[in-house]
Each structure stands twice: as structure tokens, then as C-alpha cells.
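Have a look at upload_15.csv below; it lists CSV, C-alpha atoms.
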chain,number,residue,atom,x,y,z
C,183,MET,CA,-57.1,-25.1,-40.9
C,184,THR,CA,-56.9,-24.6,-44.7
C,185,ALA,CA,-56.4,-21.0,-46.0
C,186,SER,CA,-55.2,-18.9,-48.9
C,187,VAL,CA,-51.7,-17.4,-48.5
C,188,ASP,CA,-53.4,-14.3,-47.1
C,189,GLY,CA,-55.1,-16.3,-44.4
C,190,ARG,CA,-58.6,-16.3,-45.7
C,191,VAL,CA,-60.7,-19.3,-44.9
C,192,THR,CA,-63.6,-18.6,-47.3
C,193,VAL,CA,-64.1,-16.4,-50.4
C,194,GLY,CA,-66.5,-13.9,-48.8
C,195,ARG,CA,-68.0,-12.9,-45.5
C,196,ASP,CA,-71.4,-14.4,-46.2
C,197,ARG,CA,-70.4,-16.9,-48.8
C,198,LEU,CA,-70.7,-20.3,-47.1
C,199,LEU,CA,-68.4,-23.0,-48.4
C,200,LEU,CA,-71.3,-25.4,-48.1
C,201,SER,CA,-73.0,-23.6,-50.9
C,202,GLU,CA,-72.5,-24.9,-54.4
C,203,GLU,CA,-71.1,-21.6,-55.8
C,204,ALA,CA,-68.6,-20.8,-53.1
C,205,GLY,CA,-67.6,-24.4,-52.5
C,206,LYS,CA,-66.9,-24.9,-56.2
C,207,LEU,CA,-64.8,-21.7,-56.3
C,208,TRP,CA,-62.9,-22.6,-53.1
C,209,HIS,CA,-62.0,-26.1,-54.3
C,210,SER,CA,-61.0,-24.9,-57.7
C,211,LEU,CA,-58.1,-23.0,-56.0
C,212,TRP,CA,-56.5,-26.2,-54.8
C,213,PRO,CA,-53.7,-27.5,-56.9
C,214,GLU,CA,-53.2,-31.3,-57.2
C,215,GLY,CA,-50.7,-31.4,-54.3
C,216,PHE,CA,-53.3,-30.2,-51.9
C,217,MET,CA,-55.1,-33.5,-51.4
C,218,THR,CA,-51.9,-35.3,-50.8
C,219,MET,CA,-50.9,-32.7,-48.2
C,220,ASN,CA,-54.3,-32.7,-46.6
C,221,GLY,CA,-54.3,-36.5,-46.3
C,222,ALA,CA,-50.9,-36.4,-44.7
C,223,ARG,CA,-52.1,-33.9,-42.1
C,224,THR,CA,-55.2,-36.0,-41.3
C,225,ALA,CA,-53.0,-39.1,-40.9
C,226,LEU,CA,-50.5,-37.3,-38.7
C,227,LEU,CA,-53.3,-36.0,-36.3
C,228,GLU,CA,-54.7,-39.5,-36.1
C,229,GLU,CA,-51.2,-41.0,-35.4
C,230,LEU,CA,-50.3,-38.4,-32.7
C,231,TYR,CA,-53.6,-37.8,-31.0
C,232,ALA,CA,-56.5,-40.0,-32.3
C,233,PRO,CA,-58.9,-37.0,-32.1
C,234,THR,CA,-62.3,-37.8,-30.6
C,235,ALA,CA,-64.1,-34.6,-31.6
C,236,ILE,CA,-64.2,-32.2,-34.5
C,237,LEU,CA,-65.3,-28.6,-33.6
C,238,GLU,CA,-67.2,-26.3,-35.8
C,239,GLY,CA,-69.2,-23.0,-35.3
C,240,SER,CA,-72.7,-22.4,-36.4
C,241,GLY,CA,-71.3,-19.9,-38.9
C,242,THR,CA,-70.2,-22.8,-41.0
C,243,PHE,CA,-73.8,-23.5,-41.7
C,244,VAL,CA,-75.6,-20.2,-41.6
C,245,ILE,CA,-74.6,-16.6,-42.5
C,246,ALA,CA,-73.7,-14.1,-39.7
C,247,ASP,CA,-77.0,-12.3,-39.6
C,248,THR,CA,-79.1,-15.5,-39.2
C,249,GLY,CA,-81.2,-15.4,-36.1
C,250,PRO,CA,-82.6,-18.3,-34.0
C,251,LEU,CA,-84.9,-20.8,-35.7
C,252,GLU,CA,-88.6,-20.1,-35.6
C,253,LEU,CA,-89.9,-23.1,-33.7
C,254,PRO,CA,-93.0,-23.9,-31.7
C,255,GLU,CA,-92.8,-22.6,-28.1
C,256,ALA,CA,-91.6,-25.3,-25.7
C,257,THR,CA,-90.2,-25.4,-22.2
C,258,THR,CA,-87.5,-27.7,-21.0
C,259,SER,CA,-84.8,-27.6,-18.4
C,260,TYR,CA,-81.2,-26.6,-19.0
C,261,ASP,CA,-79.8,-30.1,-18.4
C,262,ASP,CA,-77.5,-31.9,-20.7
C,263,PHE,CA,-79.2,-34.2,-23.2
C,264,LEU,CA,-77.1,-37.3,-23.9
C,265,PRO,CA,-79.3,-40.1,-25.2
C,266,ASP,CA,-77.9,-43.5,-24.4
C,267,ASP,CA,-78.6,-45.0,-27.8
C,268,VAL,CA,-76.2,-42.4,-29.3
C,269,VAL,CA,-73.6,-41.9,-26.6
C,270,ASN,CA,-73.1,-45.7,-26.0
C,271,ASP,CA,-73.6,-46.8,-29.6
C,272,PRO,CA,-70.8,-49.4,-30.2
C,273,ARG,CA,-70.3,-47.9,-33.6
C,274,HIS,CA,-69.5,-44.5,-32.2
C,275,ARG,CA,-66.0,-43.2,-33.0
C,276,LYS,CA,-66.0,-39.4,-32.9
C,277,TRP,CA,-68.2,-36.3,-32.2
C,278,PHE,CA,-68.9,-33.7,-34.8
C,279,THR,CA,-69.4,-30.8,-32.3
C,280,VAL,CA,-71.0,-27.5,-33.2
C,281,VAL,CA,-71.2,-24.4,-31.1
C,282,ASP,CA,-74.8,-23.0,-31.4
C,283,SER,CA,-75.8,-21.0,-28.4
C,284,ARG,CA,-78.4,-19.0,-30.3
C,285,GLY,CA,-80.1,-22.1,-31.8
C,286,ARG,CA,-79.6,-21.2,-35.5
C,287,VAL,CA,-79.0,-24.5,-37.3
C,288,LEU,CA,-81.7,-26.8,-38.6
C,289,TRP,CA,-80.2,-30.2,-38.9
C,290,THR,CA,-80.8,-32.5,-41.8
C,291,GLU,CA,-77.8,-34.7,-41.1
C,292,LYS,CA,-76.9,-36.1,-37.7
C,293,GLY,CA,-73.8,-38.0,-38.6
C,294,GLY,CA,-72.8,-41.4,-40.0
C,295,GLY,CA,-69.9,-43.8,-40.2
C,296,GLY,CA,-69.4,-43.7,-36.4
C,297,ILE,CA,-69.4,-39.8,-36.3
C,298,ASP,CA,-72.2,-38.4,-34.3
C,299,LEU,CA,-73.5,-34.8,-34.0
C,300,LEU,CA,-73.1,-33.0,-30.7
C,301,VAL,CA,-74.3,-29.4,-30.1
C,302,LEU,CA,-72.8,-27.1,-27.5
C,303,THR,CA,-75.4,-24.7,-26.0
C,304,SER,CA,-75.8,-22.3,-23.1
C,305,ARG,CA,-78.4,-21.2,-20.7
C,306,ALA,CA,-79.3,-18.4,-23.2
C,307,THR,CA,-80.2,-20.9,-25.9
C,308,PRO,CA,-84.0,-20.8,-26.6
C,309,THR,CA,-85.7,-23.7,-24.9
C,310,ALA,CA,-87.7,-24.3,-28.1
C,311,TYR,CA,-84.4,-25.1,-29.7
C,312,LEU,CA,-83.4,-27.5,-26.9
C,313,ALA,CA,-86.7,-29.2,-27.3
C,314,TYR,CA,-86.2,-29.5,-31.0
C,315,LEU,CA,-82.8,-31.2,-30.4
C,316,GLN,CA,-84.5,-33.6,-28.0
C,317,ARG,CA,-87.2,-34.5,-30.6
C,318,GLU,CA,-84.4,-35.1,-33.2
C,319,ASN,CA,-82.4,-37.2,-30.6
C,320,ILE,CA,-79.4,-34.9,-31.1
C,321,PRO,CA,-77.2,-34.8,-28.0
C,322,TYR,CA,-76.2,-31.5,-26.5
C,323,LEU,CA,-74.2,-30.1,-23.6
C,324,VAL,CA,-75.1,-26.9,-21.7
C,325,ALA,CA,-72.0,-24.8,-20.9
C,326,GLY,CA,-72.1,-21.1,-20.0
C,327,GLU,CA,-74.7,-18.5,-19.2
C,328,ASP,CA,-75.2,-15.9,-22.0
C,329,HIS,CA,-72.9,-17.7,-24.5
C,330,VAL,CA,-71.1,-21.0,-24.7
C,331,ASP,CA,-68.2,-21.0,-22.3
C,332,LEU,CA,-65.6,-22.8,-24.4
C,333,GLU,CA,-63.2,-23.8,-21.6
C,334,LEU,CA,-66.1,-25.2,-19.6
C,335,ALA,CA,-67.5,-26.9,-22.7
C,336,LEU,CA,-64.2,-28.7,-23.5
C,337,ARG,CA,-63.9,-29.7,-19.9
C,338,ARG,CA,-67.4,-31.2,-19.8
C,339,MET,CA,-66.8,-33.0,-23.1
C,340,ARG,CA,-63.9,-34.7,-21.4
C,341,GLU,CA,-65.8,-35.5,-18.2
C,342,ARG,CA,-69.1,-36.6,-19.6
C,343,LEU,CA,-68.0,-38.1,-23.0
C,344,GLY,CA,-64.4,-39.0,-22.6
C,345,VAL,CA,-63.2,-36.6,-25.3
C,346,THR,CA,-59.4,-36.5,-25.2
C,347,CYS,CA,-58.5,-34.4,-28.3
C,348,VAL,CA,-60.5,-31.8,-30.2
C,349,VAL,CA,-59.6,-30.7,-33.7
C,350,SER,CA,-61.1,-27.3,-34.6
C,351,GLU,CA,-62.1,-26.9,-38.3
C,352,ALA,CA,-64.1,-23.8,-37.5
C,353,GLY,CA,-64.1,-20.4,-39.0
C,354,GLY,CA,-62.2,-17.4,-37.7
C,355,GLY,CA,-64.7,-16.3,-35.1
C,356,LEU,CA,-64.6,-19.5,-33.1
C,357,ASN,CA,-60.9,-20.0,-33.7
C,358,GLY,CA,-60.3,-16.5,-32.5
C,359,ALA,CA,-62.3,-17.1,-29.3
C,360,LEU,CA,-60.3,-20.3,-28.7
C,361,LEU,CA,-57.1,-18.3,-29.1
C,362,ARG,CA,-58.1,-15.5,-26.8
C,363,GLU,CA,-59.0,-18.1,-24.1
C,364,ASP,CA,-55.6,-19.9,-24.5
C,365,LEU,CA,-57.3,-23.1,-25.6
C,366,VAL,CA,-55.1,-23.7,-28.6
C,367,ASP,CA,-52.3,-26.2,-28.2
C,368,GLU,CA,-51.2,-26.7,-31.9
C,369,LEU,CA,-51.9,-25.1,-35.2
C,370,HIS,CA,-51.9,-27.3,-38.3
C,371,LEU,CA,-52.2,-24.9,-41.3
C,372,ILE,CA,-52.2,-25.7,-45.0
C,373,LEU,CA,-51.8,-22.7,-47.3
C,374,PHE,CA,-52.7,-23.0,-51.0
C,375,PRO,CA,-51.2,-20.6,-53.6
C,376,ALA,CA,-54.0,-18.0,-54.0
C,377,ALA,CA,-54.7,-14.6,-52.6
C,378,ILE,CA,-58.4,-13.7,-51.9
C,379,GLY,CA,-58.2,-10.4,-50.0
C,380,GLY,CA,-61.2,-8.3,-49.0
C,381,ALA,CA,-61.9,-6.4,-45.8
C,382,GLY,CA,-64.0,-8.5,-43.5
C,383,VAL,CA,-63.4,-11.8,-45.2
C,384,PRO,CA,-62.9,-14.4,-42.4
C,385,THR,CA,-59.4,-15.4,-41.6
C,386,VAL,CA,-57.8,-18.2,-39.6
C,387,PHE,CA,-58.2,-16.2,-36.4
C,388,ASP,CA,-60.8,-13.5,-36.1
C,389,GLY,CA,-62.8,-12.3,-33.1
C,390,PRO,CA,-61.9,-9.6,-30.5
C,391,GLU,CA,-58.7,-7.6,-31.0
C,392,LEU,CA,-56.0,-7.7,-28.4
C,393,VAL,CA,-56.9,-5.4,-25.5
C,394,PRO,CA,-54.2,-3.0,-24.3
C,395,GLY,CA,-51.6,-4.9,-22.3
C,396,ALA,CA,-52.6,-8.3,-23.7
C,397,LEU,CA,-49.9,-10.3,-25.4
C,398,PRO,CA,-50.0,-12.1,-28.8
C,399,THR,CA,-49.8,-15.8,-28.8
C,400,LYS,CA,-46.3,-16.9,-29.7
C,401,LEU,CA,-45.9,-20.1,-31.8
C,402,ARG,CA,-43.0,-22.5,-32.3
C,403,LEU,CA,-42.5,-24.1,-35.6
C,404,VAL,CA,-42.5,-27.9,-35.3
C,405,SER,CA,-42.4,-28.9,-39.0
C,406,SER,CA,-43.1,-27.6,-42.5
C,407,SER,CA,-43.3,-29.1,-46.0
C,408,THR,CA,-44.2,-27.9,-49.5
C,409,THR,CA,-45.4,-29.4,-52.8
C,410,ALA,CA,-44.0,-28.6,-56.2
C,411,ASP,CA,-47.2,-26.8,-57.1
C,412,GLY,CA,-47.1,-24.4,-54.2
C,413,VAL,CA,-49.0,-25.9,-51.2
C,414,VAL,CA,-47.4,-25.3,-47.8
C,415,SER,CA,-48.1,-27.3,-44.7
C,416,LEU,CA,-47.1,-25.8,-41.3
C,417,ARG,CA,-47.3,-27.3,-37.9
C,418,TYR,CA,-46.8,-25.0,-34.9
C,419,GLU,CA,-47.2,-25.5,-31.2
C,420,VAL,CA,-48.2,-22.8,-28.8
C,421,ALA,CA,-45.1,-21.6,-26.8
C,422,ARG,CA,-46.8,-21.0,-23.5
C,423,SER,CA,-43.5,-20.5,-21.7
C,424,ALA,CA,-42.4,-17.6,-24.0
C,425,ARG,CA,-44.8,-14.8,-24.7
C,426,TYR,CA,-44.0,-11.7,-26.7
C,427,ALA,CA,-43.0,-8.8,-24.6
C,428,VAL,CA,-45.0,-5.6,-24.8
C,429,ALA,CA,-42.9,-2.9,-26.5
C,430,GLY,CA,-42.2,0.1,-24.4

Can the structure in the file be given as C-alpha cells, please?
Amino acid sequence: MTASVDGRVTVGRDRLLLSEEAGKLWHSLWPEGFMTMNGARTALLEELYAPTAILEGSGTFVIADTGPLELPEATTSYDDFLPDDVVNDPRHRKWFTVVDSRGRVLWTEKGGGGIDLLVLTSRATPTAYLAYLQRENIPYLVAGEDHVDLELALRRMRERLGVTCVVSEAGGGLNGALLREDLVDELHLILFPAAIGGAGVPTVFDGPELVPGALPTKLRLVSSSTTADGVVSLRYEVARSARYAVAG
């Protein structure tokens, strides 16, 4: 993840970084040392784990209030769709995986350079959207009933597609869900020297608050580095054997 020093991962709740205005502002906040630090992080992840999937949420592509796409009615089964010409393409290197249970994203790009699009859906996903993905030859997995079951989805990605390491580059909502379900192993965080602020602006981990009696996730610092112009890179691992105690 990349964030401002106050943990924001965008400049506003409904200001998508894929838009020209918000993206330009976001990138303008990065000092020169950021690209060096970001390149080093990418190289480290490749060296350590050779990730085979990148994970994003649909909120990267559409604002929060966007509903399902208006598509022609269609009926199809809730079976996985894994076309052989994509899954077994010898040029394939990695999956660009997007959680989209509601069927909100209209795809104009399906990948390239050995990276292929994969959509995670559920049995609540409109069948018209599944039919649309099939027409576009976009692979998808079905995992969960009323929403995408992330633990099941990750397990099925391993079983059906041989995925061994997933790097989440998602927003706070999906990251928060991964955190709550204890699906995070490491946090690689780059902070750039700017404060954005704003109630409701997405942060590194959003989503549901801790319920009474639940424990925060304790992290153990593995490494840290800084640049002269104020960029900080932090690598943490989840300390599963040492949770915070509940204060009495």
C-alpha cells in the first residue's frame, strides 16, 4: 500500500485515482524518492514471493454508490468460468484479480503483457453480469453466497489456478475485510510526506470496527528505510502468536 502520513489512500471518498484530476493531484504529492522506494518494494516482493495475483476491489474503478451495470437479462449457472485460451495461455504470468460481487465494473481492458483479468463473484452476482463476463471471455470464480467469501476465494484461486501469493493493492474497504478475516500475512507500506485528512476519506484499513472482545492485529516490524526527501518504507509481518490483550 501507498499512503499519506495520515494513512489516506486517496484524496477524497469518491475521488477515484483513475480519474485525471484526482490521479494528477495524488501523484504530485510524491517526491522524487518515491519512485525509487516503490521500485525497491516491487523488486523485494518479486524476490521473496514471486506474486501470482494482484488483488483490487471494485471501488478502485467505480464510486461507492454505483449500482450493478444495466445489462440485458440473461440466465446462466453459478459455475466458475475459466476459459482455456486465457488460463493456459503460455504468455500468462499473473492475475489482476478484482472483487465485484455486485457486477459494477464495465471492462474496457482485460490485461496485457502476461497479466490477465480475473473477477471474483458470488451467488448474489446478477446472472446478467456473469453472462457479460462470458461474452467478453473474462475469467471469473464464484465464491460465497451473498458476497464474496474472501477466504474461500483465495483458497479456490490456489486450487483452480495455482496462485501462491496475492498482493493486495486495494482500497481500505477490501483491505479491512482481509484484516478482519485474518488473511493478511505482511504489510508493505510506503508513506509519502503529505497529510490529506478528511472524515471518511479511505485509509489503508477501513471496514467494520472491532466488535467488543475482538483483538487488534499486532504487527512486527521487519524492516524500514527512508529517503532524504521524506518517503518512508515499512515492512511488517502479522504476529499471529502475540495478540494485544484486552484492557480490563

*What separation in Å, quoted to one decimal, exists between atom CA of Leu392 of chain C and atom CA of Ser406 of chain C?*
27.6 Å

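Residues with any atom within 12 Å of Leu199 of chain C, counting only C-alpha atoms and excluding same-chain neighbours fewer than 4 positions away, are Val191, Thr192, Val193, Gly194, Arg195, Glu203, Ala204, Gly205, Lys206, Leu207, Trp208, His209, Gly241, Thr242, Phe243, Val244, Ile245, Ala352, Gly353 and Pro384 of chain C.
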
*Rank C:Val414, C:Gly294, C:Ala377, C:His370 by their smallest atom-to-atom distance to Leu226 of chain C, using only C-alpha atoms, and report the top residue only.*
C:His370

*From the list C:Leu416, C:Leu369, C:Ala306, C:Leu361, which residue is nearest Asp388 of chain C when using only C-alpha atoms?*
C:Leu361

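Coordinates place atom CA of Thr234 of chain C at a distance of 22.7 Å from atom CA of Gln316 of chain C.
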
List as a PDB file with C-alpha atoms, in the frame of the given file the protein and nucleic acid residues near Ala359 of chain C, meaning an atom at most 10 Å away when only C-alpha atoms are counted, but skip any in the same chain fewer than 5 places from it.
ATOM      1  CA  ASP C 331     -68.200 -21.000 -22.300  1.00  0.00           C
ATOM      2  CA  LEU C 332     -65.600 -22.800 -24.400  1.00  0.00           C
ATOM      3  CA  GLY C 354     -62.200 -17.400 -37.700  1.00  0.00           C
ATOM      4  CA  ASP C 364     -55.600 -19.900 -24.500  1.00  0.00           C
ATOM      5  CA  LEU C 365     -57.300 -23.100 -25.600  1.00  0.00           C
ATOM      6  CA  VAL C 366     -55.100 -23.700 -28.600  1.00  0.00           C
ATOM      7  CA  PHE C 387     -58.200 -16.200 -36.400  1.00  0.00           C
ATOM      8  CA  ASP C 388     -60.800 -13.500 -36.100  1.00  0.00           C
ATOM      9  CA  GLY C 389     -62.800 -12.300 -33.100  1.00  0.00           C
ATOM     10  CA  PRO C 390     -61.900  -9.600 -30.500  1.00  0.00           C
TER      11      PRO C 390
END

*Would you kindly identify which residues have an atom no farther than 10 Å from (-70.2, -34.5, -32.3), using all atoms listed in the file and the file's own coordinates, and write them out as a PyMOL selection string?*
chain C and resi 234-238+269+275-280+292-293+297-302+320-322+339

_Which of C:Ala246, C:Val420, C:Leu397, C:Val287 sits closest to Gly382 of chain C [using all atoms listed in the file]_ = C:Ala246

Rebuild segment 238-256 of chain C to N, CA and C atoms - output it as a PDB file, in the frame of the given file, please.
ATOM      1  N   GLU C 238     -66.803 -27.237 -34.806  1.00  0.00           N
ATOM      2  CA  GLU C 238     -67.200 -26.300 -35.800  1.00  0.00           C
ATOM      3  C   GLU C 238     -68.121 -25.211 -35.110  1.00  0.00           C
ATOM      4  N   GLY C 239     -68.234 -24.053 -35.740  1.00  0.00           N
ATOM      5  CA  GLY C 239     -69.200 -23.000 -35.300  1.00  0.00           C
ATOM      6  C   GLY C 239     -70.417 -23.040 -36.125  1.00  0.00           C
ATOM      7  N   SER C 240     -71.484 -22.431 -35.614  1.00  0.00           N
ATOM      8  CA  SER C 240     -72.700 -22.400 -36.400  1.00  0.00           C
ATOM      9  C   SER C 240     -72.535 -21.568 -37.668  1.00  0.00           C
ATOM     10  N   GLY C 241     -71.516 -20.677 -37.699  1.00  0.00           N
ATOM     11  CA  GLY C 241     -71.300 -19.900 -38.900  1.00  0.00           C
ATOM     12  C   GLY C 241     -70.820 -20.687 -40.087  1.00  0.00           C
ATOM     13  N   THR C 242     -70.474 -21.944 -39.885  1.00  0.00           N
ATOM     14  CA  THR C 242     -70.200 -22.800 -41.000  1.00  0.00           C
ATOM     15  C   THR C 242     -71.440 -23.141 -41.797  1.00  0.00           C
ATOM     16  N   PHE C 243     -72.588 -23.076 -41.123  1.00  0.00           N
ATOM     17  CA  PHE C 243     -73.800 -23.500 -41.700  1.00  0.00           C
ATOM     18  C   PHE C 243     -74.828 -22.425 -42.034  1.00  0.00           C
ATOM     19  N   VAL C 244     -74.705 -21.286 -41.369  1.00  0.00           N
ATOM     20  CA  VAL C 244     -75.600 -20.200 -41.600  1.00  0.00           C
ATOM     21  C   VAL C 244     -74.813 -18.874 -41.639  1.00  0.00           C
ATOM     22  N   ILE C 245     -75.305 -17.862 -42.369  1.00  0.00           N
ATOM     23  CA  ILE C 245     -74.600 -16.600 -42.500  1.00  0.00           C
ATOM     24  C   ILE C 245     -74.690 -15.833 -41.158  1.00  0.00           C
ATOM     25  N   ALA C 246     -73.845 -14.815 -41.029  1.00  0.00           N
ATOM     26  CA  ALA C 246     -73.700 -14.100 -39.700  1.00  0.00           C
ATOM     27  C   ALA C 246     -74.960 -13.537 -39.195  1.00  0.00           C
ATOM     28  N   ASP C 247     -75.817 -13.007 -40.052  1.00  0.00           N
ATOM     29  CA  ASP C 247     -77.000 -12.300 -39.600  1.00  0.00           C
ATOM     30  C   ASP C 247     -78.200 -13.223 -39.307  1.00  0.00           C
ATOM     31  N   THR C 248     -78.017 -14.517 -39.475  1.00  0.00           N
ATOM     32  CA  THR C 248     -79.100 -15.500 -39.200  1.00  0.00           C
ATOM     33  C   THR C 248     -79.479 -15.501 -37.762  1.00  0.00           C
ATOM     34  N   GLY C 249     -80.747 -15.359 -37.451  1.00  0.00           N
ATOM     35  CA  GLY C 249     -81.200 -15.400 -36.100  1.00  0.00           C
ATOM     36  C   GLY C 249     -81.629 -16.807 -35.668  1.00  0.00           C
ATOM     37  N   PRO C 250     -82.154 -16.947 -34.461  1.00  0.00           N
ATOM     38  CA  PRO C 250     -82.600 -18.300 -34.000  1.00  0.00           C
ATOM     39  C   PRO C 250     -83.719 -18.815 -34.894  1.00  0.00           C
ATOM     40  N   LEU C 251     -83.812 -20.126 -34.949  1.00  0.00           N
ATOM     41  CA  LEU C 251     -84.900 -20.800 -35.700  1.00  0.00           C
ATOM     42  C   LEU C 251     -86.235 -20.413 -35.149  1.00  0.00           C
ATOM     43  N   GLU C 252     -87.204 -20.279 -36.021  1.00  0.00           N
ATOM     44  CA  GLU C 252     -88.600 -20.100 -35.600  1.00  0.00           C
ATOM     45  C   GLU C 252     -89.202 -21.439 -35.324  1.00  0.00           C
ATOM     46  N   LEU C 253     -89.384 -21.747 -34.058  1.00  0.00           N
ATOM     47  CA  LEU C 253     -89.900 -23.100 -33.700  1.00  0.00           C
ATOM     48  C   LEU C 253     -91.055 -22.904 -32.719  1.00  0.00           C
ATOM     49  N   PRO C 254     -91.877 -23.948 -32.625  1.00  0.00           N
ATOM     50  CA  PRO C 254     -93.000 -23.900 -31.700  1.00  0.00           C
ATOM     51  C   PRO C 254     -92.478 -23.682 -30.249  1.00  0.00           C
ATOM     52  N   GLU C 255     -93.181 -22.876 -29.495  1.00  0.00           N
ATOM     53  CA  GLU C 255     -92.800 -22.600 -28.100  1.00  0.00           C
ATOM     54  C   GLU C 255     -92.739 -23.951 -27.346  1.00  0.00           C
ATOM     55  N   ALA C 256     -91.709 -24.078 -26.509  1.00  0.00           N
ATOM     56  CA  ALA C 256     -91.600 -25.300 -25.700  1.00  0.00           C
ATOM     57  C   ALA C 256     -90.730 -24.929 -24.473  1.00  0.00           C
TER      58      ALA C 256
END
